[in-house]
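So the structure is just underneath, and the comments pick up after that.
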Amino acid sequence: MHGPFNRDLVRLFARPDGEQLRFRLEVRPEHCNCYATAHGGFIATLADIWLAYNVYHRLPRGARIVTANLSVDYLVPAAAGGWLESEIDRVRVGSRLCHASGAILNAGKPVAAMRTTFALLEKKD
């Protein structure tokens, strides 16, 4: 699950919290748009990766998933220097599809609502 693209987005601030993995990341200038707030694509990327890790750690060893659908509702901007944190409220693992949802928070307040569906791939031999 750790590809080179994901490393910077999960490396330092991931920790188990009950059944969920909680992620935390500082919004740096390189994550921002021309308004000095986190770019929407950056928020969507965090949603995809953070939800995927929360599903992935509930799967049997060797299972593989890919994103089938991702929905992000942007609620308020997140300024550079703020800390974004994951709050996962639902994970459901099925035989072919997995679903997860939650929010991305900044100072305890929702910045974005996130929902996703992942497809389970057939195991490699």
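Identifiers in the structure tokens: chain A, B, ... in order shown; residue index from 1 per chain; ligand index from 1 in order shown.
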Write out as a list of chain:residue names the residues lying within 12 Å of Gly94 of chain A, counting only C-alpha atoms and excluding same-chain residues fewer than 3 positions away.
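Counting only the stated atoms, we get A:Val55, A:Arg58, A:Leu59, A:Ile65, A:Val91, A:Leu97, A:Cys98, A:His99, A:Ala100, A:Thr117, A:Phe118, A:Ala119, A:Leu120.
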Which of segment 29-108 of chain A counts as helix (DSSP H, G or I) under DSSP, as JSON, numbers by chain please?
{"A": [29, 30, 31, 40, 41, 42, 43, 44, 45, 46, 47, 48, 49, 50, 51, 52, 53, 54, 55, 56]}
Go ahead and save the picked residues with N, CA and C atoms, as a PDB file, in the first residue's frame.
ATOM      1  N   PRO A  29       2.724  25.679   2.056  1.00  0.00           N
ATOM      2  CA  PRO A  29       2.477  26.524   0.879  1.00  0.00           C
ATOM      3  C   PRO A  29       2.401  25.735  -0.427  1.00  0.00           C
ATOM      4  N   GLU A  30       3.178  24.670  -0.552  1.00  0.00           N
ATOM      5  CA  GLU A  30       3.142  23.887  -1.799  1.00  0.00           C
ATOM      6  C   GLU A  30       1.847  23.093  -1.964  1.00  0.00           C
ATOM      7  N   HIS A  31       1.008  23.028  -0.935  1.00  0.00           N
ATOM      8  CA  HIS A  31      -0.296  22.361  -1.017  1.00  0.00           C
ATOM      9  C   HIS A  31      -1.404  23.340  -1.391  1.00  0.00           C
ATOM     10  N   GLY A  40      -8.127  22.136  -3.741  1.00  0.00           N
ATOM     11  CA  GLY A  40      -9.165  21.107  -3.712  1.00  0.00           C
ATOM     12  C   GLY A  40      -8.659  19.740  -4.134  1.00  0.00           C
ATOM     13  N   GLY A  41      -7.770  19.710  -5.115  1.00  0.00           N
ATOM     14  CA  GLY A  41      -7.199  18.438  -5.550  1.00  0.00           C
ATOM     15  C   GLY A  41      -6.352  17.796  -4.462  1.00  0.00           C
ATOM     16  N   PHE A  42      -5.687  18.625  -3.672  1.00  0.00           N
ATOM     17  CA  PHE A  42      -4.897  18.122  -2.546  1.00  0.00           C
ATOM     18  C   PHE A  42      -5.820  17.514  -1.492  1.00  0.00           C
ATOM     19  N   ILE A  43      -6.920  18.201  -1.184  1.00  0.00           N
ATOM     20  CA  ILE A  43      -7.895  17.685  -0.218  1.00  0.00           C
ATOM     21  C   ILE A  43      -8.466  16.353  -0.712  1.00  0.00           C
ATOM     22  N   ALA A  44      -8.797  16.276  -2.004  1.00  0.00           N
ATOM     23  CA  ALA A  44      -9.337  15.034  -2.572  1.00  0.00           C
ATOM     24  C   ALA A  44      -8.312  13.904  -2.492  1.00  0.00           C
ATOM     25  N   THR A  45      -7.057  14.223  -2.731  1.00  0.00           N
ATOM     26  CA  THR A  45      -6.001  13.213  -2.639  1.00  0.00           C
ATOM     27  C   THR A  45      -5.883  12.683  -1.215  1.00  0.00           C
ATOM     28  N   LEU A  46      -5.917  13.586  -0.231  1.00  0.00           N
ATOM     29  CA  LEU A  46      -5.885  13.147   1.165  1.00  0.00           C
ATOM     30  C   LEU A  46      -7.074  12.246   1.466  1.00  0.00           C
ATOM     31  N   ALA A  47      -8.259  12.644   1.016  1.00  0.00           N
ATOM     32  CA  ALA A  47      -9.464  11.844   1.257  1.00  0.00           C
ATOM     33  C   ALA A  47      -9.291  10.436   0.701  1.00  0.00           C
ATOM     34  N   ASP A  48      -8.835  10.339  -0.527  1.00  0.00           N
ATOM     35  CA  ASP A  48      -8.664   9.040  -1.181  1.00  0.00           C
ATOM     36  C   ASP A  48      -7.666   8.165  -0.421  1.00  0.00           C
ATOM     37  N   ILE A  49      -6.524   8.707  -0.104  1.00  0.00           N
ATOM     38  CA  ILE A  49      -5.474   7.923   0.558  1.00  0.00           C
ATOM     39  C   ILE A  49      -5.848   7.596   1.999  1.00  0.00           C
ATOM     40  N   TRP A  50      -6.341   8.568   2.742  1.00  0.00           N
ATOM     41  CA  TRP A  50      -6.661   8.326   4.139  1.00  0.00           C
ATOM     42  C   TRP A  50      -7.810   7.332   4.294  1.00  0.00           C
ATOM     43  N   LEU A  51      -8.827   7.415   3.442  1.00  0.00           N
ATOM     44  CA  LEU A  51      -9.907   6.426   3.489  1.00  0.00           C
ATOM     45  C   LEU A  51      -9.393   5.044   3.079  1.00  0.00           C
ATOM     46  N   ALA A  52      -8.544   5.002   2.052  1.00  0.00           N
ATOM     47  CA  ALA A  52      -7.999   3.717   1.591  1.00  0.00           C
ATOM     48  C   ALA A  52      -7.224   3.013   2.698  1.00  0.00           C
ATOM     49  N   TYR A  53      -6.408   3.731   3.421  1.00  0.00           N
ATOM     50  CA  TYR A  53      -5.646   3.101   4.506  1.00  0.00           C
ATOM     51  C   TYR A  53      -6.578   2.563   5.588  1.00  0.00           C
ATOM     52  N   ASN A  54      -7.669   3.265   5.850  1.00  0.00           N
ATOM     53  CA  ASN A  54      -8.610   2.792   6.863  1.00  0.00           C
ATOM     54  C   ASN A  54      -9.342   1.531   6.423  1.00  0.00           C
ATOM     55  N   VAL A  55      -9.578   1.374   5.137  1.00  0.00           N
ATOM     56  CA  VAL A  55     -10.151   0.128   4.622  1.00  0.00           C
ATOM     57  C   VAL A  55      -9.084  -0.955   4.592  1.00  0.00           C
ATOM     58  N   TYR A  56      -7.931  -0.606   4.058  1.00  0.00           N
ATOM     59  CA  TYR A  56      -6.871  -1.585   3.806  1.00  0.00           C
ATOM     60  C   TYR A  56      -6.439  -2.327   5.069  1.00  0.00           C
TER      61      TYR A  56
END
Go ahead and compute the interatomic distance for atom CA of Phe23 of chain A and atom CA of Pro60 of chain A, in Å to one decimal.
21.7 Å
Would you pick out the contacts of segment 67-82 of chain A at 6 Å or less, using only C-alpha atoms, so that residues sharing its chain but fewer than 6 positions from it are not included, and give the list as a ChimeraX atom specification?
/A:26-29,37-38,111-119
May I ask for the distance between atom CA of Ile104 of chain A and atom CA of Glu85 of chain A, given in Å to one decimal place?
5.6 Å
Could you give me, as a VMD selection string, each residue of chain A that DSSP assigns to strand (DSSP E or B) when run on this structure's backbone?
chain A and resid 14 to 17 20 to 26 32 37 to 38 64 to 74 79 83 to 93 97 to 106 109 to 121
